[in-house]
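With PDB, N, CA, C and O atoms inside, this is target14.pdb:
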```
ATOM      1  N   SER A  10       0.833  -1.195   0.000
ATOM      2  CA  SER A  10       0.000   0.000   0.000
ATOM      3  C   SER A  10       0.875   1.254   0.000
ATOM      4  O   SER A  10       1.916   1.286   0.630
ATOM      5  N   GLN A  11       0.440   2.263  -0.683
ATOM      6  CA  GLN A  11       1.183   3.520  -0.790
ATOM      7  C   GLN A  11       0.936   4.387   0.451
ATOM      8  O   GLN A  11      -0.163   4.436   0.976
ATOM      9  N   GLN A  12       1.953   5.065   0.889
ATOM     10  CA  GLN A  12       1.822   6.025   1.970
ATOM     11  C   GLN A  12       1.834   7.408   1.358
ATOM     12  O   GLN A  12       2.620   7.684   0.450
ATOM     13  N   ALA A  13       0.985   8.281   1.878
ATOM     14  CA  ALA A  13       0.836   9.622   1.307
ATOM     15  C   ALA A  13       2.122  10.434   1.375
ATOM     16  O   ALA A  13       2.356  11.287   0.532
ATOM     17  N   ASP A  14       2.984  10.182   2.353
ATOM     18  CA  ASP A  14       4.191  10.992   2.506
ATOM     19  C   ASP A  14       5.420  10.393   1.821
ATOM     20  O   ASP A  14       6.523  10.878   1.995
ATOM     21  N   LEU A  15       5.237   9.352   1.012
ATOM     22  CA  LEU A  15       6.349   8.735   0.296
ATOM     23  C   LEU A  15       6.201   8.971  -1.203
ATOM     24  O   LEU A  15       5.096   8.977  -1.732
ATOM     25  N   ALA A  16       7.317   9.134  -1.887
ATOM     26  CA  ALA A  16       7.299   9.315  -3.339
ATOM     27  C   ALA A  16       6.939   7.990  -4.012
ATOM     28  O   ALA A  16       7.242   6.918  -3.499
ATOM     29  N   ASP A  17       6.316   8.082  -5.172
ATOM     30  CA  ASP A  17       5.968   6.886  -5.931
ATOM     31  C   ASP A  17       7.186   6.246  -6.569
ATOM     32  O   ASP A  17       7.199   5.052  -6.843
ATOM     33  N   SER A  18       8.221   7.034  -6.833
ATOM     34  CA  SER A  18       9.444   6.511  -7.435
ATOM     35  C   SER A  18      10.622   7.365  -6.975
ATOM     36  O   SER A  18      10.431   8.492  -6.522
ATOM     37  N   PRO A  19      11.854   6.837  -7.113
ATOM     38  CA  PRO A  19      13.027   7.630  -6.731
ATOM     39  C   PRO A  19      13.143   8.943  -7.506
ATOM     40  O   PRO A  19      13.695   9.912  -7.005
ATOM     41  N   ARG A  20      12.617   8.982  -8.726
ATOM     42  CA  ARG A  20      12.689  10.210  -9.526
ATOM     43  C   ARG A  20      11.854  11.329  -8.932
ATOM     44  O   ARG A  20      12.072  12.497  -9.231
ATOM     45  N   GLN A  21      10.866  10.976  -8.108
ATOM     46  CA  GLN A  21       9.989  11.974  -7.515
ATOM     47  C   GLN A  21      10.341  12.275  -6.060
ATOM     48  O   GLN A  21       9.722  13.127  -5.443
ATOM     49  N   ALA A  22      11.317  11.576  -5.511
ATOM     50  CA  ALA A  22      11.663  11.729  -4.093
ATOM     51  C   ALA A  22      12.405  13.041  -3.835
ATOM     52  O   ALA A  22      13.261  13.450  -4.611
ATOM     53  N   ILE A  23      12.045  13.667  -2.745
ATOM     54  CA  ILE A  23      12.726  14.879  -2.285
ATOM     55  C   ILE A  23      12.989  14.709  -0.795
ATOM     56  O   ILE A  23      12.076  14.402  -0.035
ATOM     57  N   VAL A  24      14.221  14.895  -0.391
ATOM     58  CA  VAL A  24      14.576  14.856   1.018
ATOM     59  C   VAL A  24      14.535  16.290   1.515
ATOM     60  O   VAL A  24      15.138  17.183   0.912
ATOM     61  N   SER A  25      13.831  16.513   2.606
ATOM     62  CA  SER A  25      13.729  17.854   3.176
ATOM     63  C   SER A  25      14.637  17.948   4.393
ATOM     64  O   SER A  25      14.558  17.128   5.299
ATOM     65  N   LEU A  26      15.491  18.947   4.394
ATOM     66  CA  LEU A  26      16.443  19.160   5.481
ATOM     67  C   LEU A  26      16.122  20.497   6.138
ATOM     68  O   LEU A  26      16.142  21.535   5.483
ATOM     69  N   ALA A  27      15.790  20.448   7.412
ATOM     70  CA  ALA A  27      15.501  21.670   8.169
ATOM     71  C   ALA A  27      16.337  21.656   9.442
ATOM     72  O   ALA A  27      16.669  20.597   9.969
ATOM     73  N   ASN A  28      16.684  22.819   9.913
ATOM     74  CA  ASN A  28      17.479  22.908  11.132
ATOM     75  C   ASN A  28      17.090  24.162  11.912
ATOM     76  O   ASN A  28      16.401  25.033  11.395
ATOM     77  N   GLU A  29      17.538  24.200  13.139
ATOM     78  CA  GLU A  29      17.327  25.373  13.986
ATOM     79  C   GLU A  29      18.385  26.415  13.621
ATOM     80  O   GLU A  29      19.472  26.089  13.160
ATOM     81  N   ARG A  30      18.084  27.661  13.846
ATOM     82  CA  ARG A  30      19.001  28.741  13.513
ATOM     83  C   ARG A  30      20.358  28.588  14.218
ATOM     84  O   ARG A  30      21.398  28.906  13.658
ATOM     85  N   ASP A  31      20.368  28.059  15.428
ATOM     86  CA  ASP A  31      21.623  27.939  16.173
ATOM     87  C   ASP A  31      22.296  26.562  16.014
ATOM     88  O   ASP A  31      23.206  26.232  16.756
ATOM     89  N   THR A  32      21.874  25.788  15.031
ATOM     90  CA  THR A  32      22.499  24.491  14.783
ATOM     91  C   THR A  32      23.957  24.703  14.376
ATOM     92  O   THR A  32      24.233  25.465  13.453
ATOM     93  N   PRO A  33      24.894  24.044  15.069
ATOM     94  CA  PRO A  33      26.300  24.174  14.683
ATOM     95  C   PRO A  33      26.519  23.647  13.255
ATOM     96  O   PRO A  33      25.910  22.649  12.847
ATOM     97  N   TYR A  34      27.383  24.324  12.527
ATOM     98  CA  TYR A  34      27.625  23.943  11.136
ATOM     99  C   TYR A  34      28.113  22.506  11.027
ATOM    100  O   TYR A  34      27.713  21.783  10.115
ATOM    101  N   ASP A  35      28.956  22.056  11.946
ATOM    102  CA  ASP A  35      29.463  20.688  11.855
ATOM    103  C   ASP A  35      28.345  19.665  12.002
ATOM    104  O   ASP A  35      28.365  18.609  11.370
ATOM    105  N   ARG A  36      27.317  19.964  12.797
ATOM    106  CA  ARG A  36      26.171  19.058  12.928
ATOM    107  C   ARG A  36      25.360  19.050  11.633
ATOM    108  O   ARG A  36      24.949  18.005  11.153
ATOM    109  N   TYR A  37      25.126  20.240  11.074
ATOM    110  CA  TYR A  37      24.428  20.339   9.791
ATOM    111  C   TYR A  37      25.172  19.534   8.730
ATOM    112  O   TYR A  37      24.577  18.751   7.988
ATOM    113  N   LEU A  38      26.489  19.704   8.659
ATOM    114  CA  LEU A  38      27.302  19.015   7.665
ATOM    115  C   LEU A  38      27.250  17.503   7.858
ATOM    116  O   LEU A  38      27.189  16.745   6.881
ATOM    117  N   LYS A  39      27.241  17.050   9.110
ATOM    118  CA  LYS A  39      27.162  15.622   9.389
ATOM    119  C   LYS A  39      25.844  15.047   8.861
ATOM    120  O   LYS A  39      25.831  13.976   8.242
ATOM    121  N   VAL A  40      24.740  15.744   9.079
ATOM    122  CA  VAL A  40      23.444  15.279   8.582
ATOM    123  C   VAL A  40      23.429  15.280   7.054
ATOM    124  O   VAL A  40      23.003  14.315   6.423
ATOM    125  N   TYR A  41      23.917  16.368   6.452
ATOM    126  CA  TYR A  41      23.969  16.455   4.993
ATOM    127  C   TYR A  41      24.806  15.313   4.412
ATOM    128  O   TYR A  41      24.414  14.668   3.434
ATOM    129  N   ASN A  42      25.951  15.042   5.011
ATOM    130  CA  ASN A  42      26.821  13.970   4.533
ATOM    131  C   ASN A  42      26.174  12.598   4.708
ATOM    132  O   ASN A  42      26.407  11.689   3.904
ATOM    133  N   THR A  43      25.362  12.429   5.742
ATOM    134  CA  THR A  43      24.629  11.178   5.941
ATOM    135  C   THR A  43      23.606  10.982   4.830
ATOM    136  O   THR A  43      23.452   9.880   4.291
ATOM    137  N   ILE A  44      22.924  12.070   4.464
ATOM    138  CA  ILE A  44      21.970  12.006   3.352
ATOM    139  C   ILE A  44      22.712  11.656   2.068
ATOM    140  O   ILE A  44      22.290  10.788   1.301
ATOM    141  N   ARG A  45      23.820  12.318   1.830
ATOM    142  CA  ARG A  45      24.621  12.061   0.629
ATOM    143  C   ARG A  45      25.101  10.610   0.596
ATOM    144  O   ARG A  45      25.084   9.959  -0.457
ATOM    145  N   ALA A  46      25.517  10.069   1.740
ATOM    146  CA  ALA A  46      25.971   8.675   1.809
ATOM    147  C   ALA A  46      24.826   7.707   1.496
ATOM    148  O   ALA A  46      25.041   6.681   0.829
ATOM    149  N   ALA A  47      23.616   8.035   1.935
ATOM    150  CA  ALA A  47      22.466   7.185   1.632
ATOM    151  C   ALA A  47      22.220   7.156   0.121
ATOM    152  O   ALA A  47      21.947   6.098  -0.454
ATOM    153  N   TYR A  48      22.314   8.316  -0.528
ATOM    154  CA  TYR A  48      22.159   8.361  -1.985
ATOM    155  C   TYR A  48      23.269   7.575  -2.669
ATOM    156  O   TYR A  48      23.016   6.864  -3.650
ATOM    157  N   THR A  49      24.476   7.671  -2.175
ATOM    158  CA  THR A  49      25.585   6.929  -2.774
ATOM    159  C   THR A  49      25.323   5.426  -2.691
ATOM    160  O   THR A  49      25.601   4.689  -3.634
ATOM    161  N   GLU A  50      24.757   4.968  -1.575
ATOM    162  CA  GLU A  50      24.393   3.555  -1.446
ATOM    163  C   GLU A  50      23.328   3.172  -2.471
ATOM    164  O   GLU A  50      23.412   2.106  -3.098
ATOM    165  N   LEU A  51      22.317   4.026  -2.635
ATOM    166  CA  LEU A  51      21.274   3.767  -3.626
ATOM    167  C   LEU A  51      21.860   3.714  -5.032
ATOM    168  O   LEU A  51      21.518   2.832  -5.833
ATOM    169  N   TRP A  52      22.741   4.662  -5.352
ATOM    170  CA  TRP A  52      23.379   4.682  -6.671
ATOM    171  C   TRP A  52      24.211   3.422  -6.883
ATOM    172  O   TRP A  52      24.222   2.855  -7.973
ATOM    173  N   ASP A  53      24.895   2.974  -5.829
ATOM    174  CA  ASP A  53      25.715   1.773  -5.930
ATOM    175  C   ASP A  53      24.839   0.552  -6.198
ATOM    176  O   ASP A  53      25.151  -0.261  -7.070
ATOM    177  N   GLU A  54      23.738   0.416  -5.458
ATOM    178  CA  GLU A  54      22.825  -0.708  -5.676
ATOM    179  C   GLU A  54      22.279  -0.688  -7.102
ATOM    180  O   GLU A  54      22.225  -1.724  -7.771
ATOM    181  N   TYR A  55      21.884   0.484  -7.572
ATOM    182  CA  TYR A  55      21.336   0.623  -8.916
ATOM    183  C   TYR A  55      22.380   0.270  -9.976
ATOM    184  O   TYR A  55      22.099  -0.452 -10.927
ATOM    185  N   THR A  56      23.592   0.768  -9.788
ATOM    186  CA  THR A  56      24.657   0.521 -10.758
ATOM    187  C   THR A  56      25.037  -0.959 -10.804
ATOM    188  O   THR A  56      25.223  -1.523 -11.877
ATOM    189  N   ARG A  57      25.119  -1.582  -9.648
ATOM    190  CA  ARG A  57      25.446  -3.013  -9.606
ATOM    191  C   ARG A  57      24.344  -3.830 -10.286
ATOM    192  O   ARG A  57      24.634  -4.758 -11.036
ATOM    193  N   ALA A  58      23.071  -3.474 -10.018
ATOM    194  CA  ALA A  58      21.952  -4.224 -10.589
ATOM    195  C   ALA A  58      21.834  -4.023 -12.101
ATOM    196  O   ALA A  58      21.476  -4.948 -12.824
ATOM    197  N   ASN A  59      22.135  -2.818 -12.579
ATOM    198  CA  ASN A  59      21.911  -2.495 -13.989
ATOM    199  C   ASN A  59      23.162  -2.549 -14.866
ATOM    200  O   ASN A  59      23.044  -2.685 -16.086
ATOM    201  N   TYR A  60      24.337  -2.401 -14.249
ATOM    202  CA  TYR A  60      25.573  -2.365 -15.032
ATOM    203  C   TYR A  60      26.617  -3.367 -14.550
ATOM    204  O   TYR A  60      27.686  -3.475 -15.144
ATOM    205  N   GLY A  61      26.327  -4.071 -13.448
ATOM    206  CA  GLY A  61      27.254  -5.059 -12.927
ATOM    207  C   GLY A  61      28.540  -4.486 -12.371
ATOM    208  O   GLY A  61      29.543  -5.174 -12.284
ATOM    209  N   LYS A  62      28.505  -3.199 -12.008
ATOM    210  CA  LYS A  62      29.692  -2.525 -11.472
ATOM    211  C   LYS A  62      29.302  -1.699 -10.260
ATOM    212  O   LYS A  62      28.172  -1.238 -10.162
ATOM    213  N   PRO A  63      30.251  -1.455  -9.355
ATOM    214  CA  PRO A  63      29.963  -0.540  -8.243
ATOM    215  C   PRO A  63      29.941   0.904  -8.733
ATOM    216  O   PRO A  63      30.537   1.231  -9.757
ATOM    217  N   TYR A  64      29.219   1.743  -7.992
ATOM    218  CA  TYR A  64      29.195   3.170  -8.317
ATOM    219  C   TYR A  64      30.443   3.818  -7.743
ATOM    220  O   TYR A  64      30.689   3.762  -6.539
ATOM    221  N   ASP A  65      31.257   4.405  -8.598
ATOM    222  CA  ASP A  65      32.411   5.178  -8.131
ATOM    223  C   ASP A  65      32.798   6.182  -9.206
ATOM    224  O   ASP A  65      32.227   6.215 -10.292
ATOM    225  N   GLU A  66      33.756   6.999  -8.890
ATOM    226  CA  GLU A  66      34.160   8.081  -9.790
ATOM    227  C   GLU A  66      34.788   7.585 -11.091
ATOM    228  O   GLU A  66      34.908   8.325 -12.054
ATOM    229  N   ALA A  67      35.202   6.316 -11.138
ATOM    230  CA  ALA A  67      35.833   5.781 -12.343
ATOM    231  C   ALA A  67      34.812   5.399 -13.417
ATOM    232  O   ALA A  67      35.200   5.115 -14.550
ATOM    233  N   LEU A  68      33.536   5.401 -13.074
ATOM    234  CA  LEU A  68      32.514   5.069 -14.069
ATOM    235  C   LEU A  68      32.488   6.110 -15.176
ATOM    236  O   LEU A  68      32.724   7.292 -14.929
ATOM    237  N   PRO A  69      32.152   5.702 -16.375
ATOM    238  CA  PRO A  69      31.993   6.684 -17.455
ATOM    239  C   PRO A  69      30.887   7.685 -17.108
ATOM    240  O   PRO A  69      29.904   7.340 -16.450
ATOM    241  N   ASP A  70      31.054   8.910 -17.563
ATOM    242  CA  ASP A  70      30.061   9.951 -17.279
ATOM    243  C   ASP A  70      28.674   9.567 -17.760
ATOM    244  O   ASP A  70      27.682   9.909 -17.132
ATOM    245  N   SER A  71      28.579   8.839 -18.866
ATOM    246  CA  SER A  71      27.268   8.449 -19.392
ATOM    247  C   SER A  71      26.516   7.559 -18.397
ATOM    248  O   SER A  71      25.304   7.698 -18.227
ATOM    249  N   ILE A  72      27.226   6.649 -17.727
ATOM    250  CA  ILE A  72      26.586   5.789 -16.726
ATOM    251  C   ILE A  72      26.209   6.613 -15.501
ATOM    252  O   ILE A  72      25.110   6.470 -14.963
ATOM    253  N   LYS A  73      27.101   7.490 -15.049
ATOM    254  CA  LYS A  73      26.788   8.328 -13.880
ATOM    255  C   LYS A  73      25.561   9.188 -14.144
ATOM    256  O   LYS A  73      24.701   9.336 -13.280
ATOM    257  N   ARG A  74      25.459   9.743 -15.349
ATOM    258  CA  ARG A  74      24.277  10.547 -15.696
ATOM    259  C   ARG A  74      23.019   9.699 -15.676
ATOM    260  O   ARG A  74      21.980  10.125 -15.173
ATOM    261  N   ALA A  75      23.089   8.481 -16.209
ATOM    262  CA  ALA A  75      21.927   7.590 -16.234
ATOM    263  C   ALA A  75      21.488   7.224 -14.821
ATOM    264  O   ALA A  75      20.288   7.196 -14.518
ATOM    265  N   VAL A  76      22.451   6.969 -13.953
ATOM    266  CA  VAL A  76      22.142   6.615 -12.564
ATOM    267  C   VAL A  76      21.477   7.794 -11.863
ATOM    268  O   VAL A  76      20.449   7.646 -11.199
ATOM    269  N   LYS A  77      22.043   8.985 -12.047
ATOM    270  CA  LYS A  77      21.490  10.163 -11.367
ATOM    271  C   LYS A  77      20.182  10.624 -11.993
ATOM    272  O   LYS A  77      19.406  11.331 -11.350
ATOM    273  N   GLN A  78      19.909  10.207 -13.216
ATOM    274  CA  GLN A  78      18.600  10.484 -13.796
ATOM    275  C   GLN A  78      17.570   9.534 -13.195
ATOM    276  O   GLN A  78      16.438   9.926 -12.924
ATOM    277  N   ALA A  79      17.966   8.282 -12.960
ATOM    278  CA  ALA A  79      17.067   7.308 -12.352
ATOM    279  C   ALA A  79      16.812   7.614 -10.883
ATOM    280  O   ALA A  79      15.699   7.456 -10.385
ATOM    281  N   ILE A  80      17.863   8.059 -10.184
ATOM    282  CA  ILE A  80      17.761   8.382  -8.752
ATOM    283  C   ILE A  80      18.434   9.730  -8.533
ATOM    284  O   ILE A  80      19.595   9.810  -8.133
ATOM    285  N   PRO A  81      17.717  10.824  -8.791
ATOM    286  CA  PRO A  81      18.330  12.148  -8.639
ATOM    287  C   PRO A  81      18.542  12.522  -7.169
ATOM    288  O   PRO A  81      17.768  12.135  -6.301
ATOM    289  N   PHE A  82      19.617  13.254  -6.924
ATOM    290  CA  PHE A  82      19.928  13.758  -5.579
ATOM    291  C   PHE A  82      19.193  15.086  -5.426
ATOM    292  O   PHE A  82      19.612  16.108  -5.966
ATOM    293  N   VAL A  83      18.077  15.049  -4.701
ATOM    294  CA  VAL A  83      17.262  16.247  -4.527
ATOM    295  C   VAL A  83      17.063  16.471  -3.028
ATOM    296  O   VAL A  83      16.385  15.694  -2.355
ATOM    297  N   VAL A  84      17.668  17.535  -2.517
ATOM    298  CA  VAL A  84      17.533  17.897  -1.107
ATOM    299  C   VAL A  84      16.959  19.300  -1.046
ATOM    300  O   VAL A  84      17.509  20.233  -1.635
ATOM    301  N   SER A  85      15.857  19.436  -0.356
ATOM    302  CA  SER A  85      15.229  20.742  -0.157
ATOM    303  C   SER A  85      15.646  21.245   1.214
ATOM    304  O   SER A  85      15.425  20.559   2.224
ATOM    305  N   GLU A  86      16.265  22.394   1.237
ATOM    306  CA  GLU A  86      16.707  22.952   2.512
ATOM    307  C   GLU A  86      15.787  24.085   2.917
ATOM    308  O   GLU A  86      15.729  25.117   2.241
ATOM    309  N   ALA A  87      15.087  23.881   4.029
ATOM    310  CA  ALA A  87      14.168  24.886   4.544
ATOM    311  C   ALA A  87      14.960  25.974   5.276
ATOM    312  O   ALA A  87      16.074  25.738   5.757
ATOM    313  N   GLU A  88      14.381  27.140   5.342
ATOM    314  CA  GLU A  88      14.986  28.214   6.136
ATOM    315  C   GLU A  88      15.084  27.749   7.582
ATOM    316  O   GLU A  88      14.212  27.031   8.068
ATOM    317  N   PRO A  89      16.122  28.150   8.290
ATOM    318  CA  PRO A  89      16.262  27.733   9.690
ATOM    319  C   PRO A  89      15.072  28.160  10.547
ATOM    320  O   PRO A  89      14.494  29.229  10.342
ATOM    321  N   ASN A  90      14.715  27.293  11.487
ATOM    322  CA  ASN A  90      13.657  27.614  12.464
ATOM    323  C   ASN A  90      14.252  28.409  13.605
ATOM    324  O   ASN A  90      15.451  28.506  13.761
ATOM    325  N   GLY A  91      13.400  28.950  14.425
ATOM    326  CA  GLY A  91      13.857  29.606  15.636
ATOM    327  C   GLY A  91      14.008  31.109  15.523
ATOM    328  O   GLY A  91      14.915  31.679  16.106
ATOM    329  N   PHE A  92      13.128  31.742  14.789
ATOM    330  CA  PHE A  92      13.163  33.211  14.707
ATOM    331  C   PHE A  92      12.474  33.770  15.943
ATOM    332  O   PHE A  92      11.286  33.605  16.124
ATOM    333  N   GLU A  93      13.227  34.383  16.801
ATOM    334  CA  GLU A  93      12.628  34.954  18.018
ATOM    335  C   GLU A  93      13.134  36.339  18.256
ATOM    336  O   GLU A  93      14.175  36.715  17.954
TER     337      GLU A  93
END
```
Would it be possible to restate this file's structure as structure tokens?
Amino acid sequence: SQQADLADSPRQAIVSLANERDTPYDRYLKVYNTIRAAYTELWDEYTRANYGKPYDEALPDSIKRAVKQAIPFVVSEAEPNGFE
């Protein structure tokens, strides 16, 4: 069954990142890098399943473009909360 808050496909998925105004930059960066690592895992799974190779920088640009078209990296960053 479909959930209303989930995308129907990876092409439609958007990750929303919000933080408090006083969030330390290193914490923000850690969360952002965790999101990026999750996408890298997805790209790796997709590349292995469709091309029989791991996802890495040595892949031809044409394959990297195809992977990122199938699973685009889309992060929406909201304005910081905590305006007082």
Could you spell out the hits of the PyMOL selection byres ((chain A and resi 51-53) around 8) on the shown file, as a list in words?
Ile44, Arg45, Ala46, Ala47, Tyr48, Thr49, Glu50, Glu54, Tyr55, Thr56, Arg57, Ala58, Asn59, Tyr60, Gly61, Lys62, Pro63, Tyr64, Asp65, Ile72, Val76, Lys77 and Ile80 of chain A
Å distance separating atom C of Leu26 (chain A) from atom N of Tyr41 (chain A), one decimal place:
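Those two atoms sit 8.8 Å apart.
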What's the separation between atom O of Val40 (chain A) and atom C of Pro81 (chain A), in Å to one decimal place?
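Value for the atom O of Val40 (chain A)-atom C of Pro81 (chain A) distance: 14.4 Å.
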Apply DSSP to the backbone of this structure and, from region 33-72 of chain A, keep only the residues in alpha helix (DSSP H); write these as a ChimeraX atom specification.
/A:34-60,70-72
Please determine an axis-aligned box that encloses all atoms of region 25-30 of chain A listed in the file, with 4 Å added on each side, and express its centre and edge lengths in Å to one decimal as AutoDock Vina command-line options.
```
--center_x 17.6 --center_y 22.7 --center_z 8.4 --size_x 15.7 --size_y 20.4 --size_z 19.6
```
For a cut-off of 8 Å around (14.9, 25.4, 2.5), file coordinates, pick out all residues using only N, CA, C and O atoms and list them as a ChimeraX atom specification.
/A:25-27,84-89
One decimal, in Å: what's the spacing between CA of Tyr37 (chain A) and CA of Glu66 (chain A)?
25.1 Å
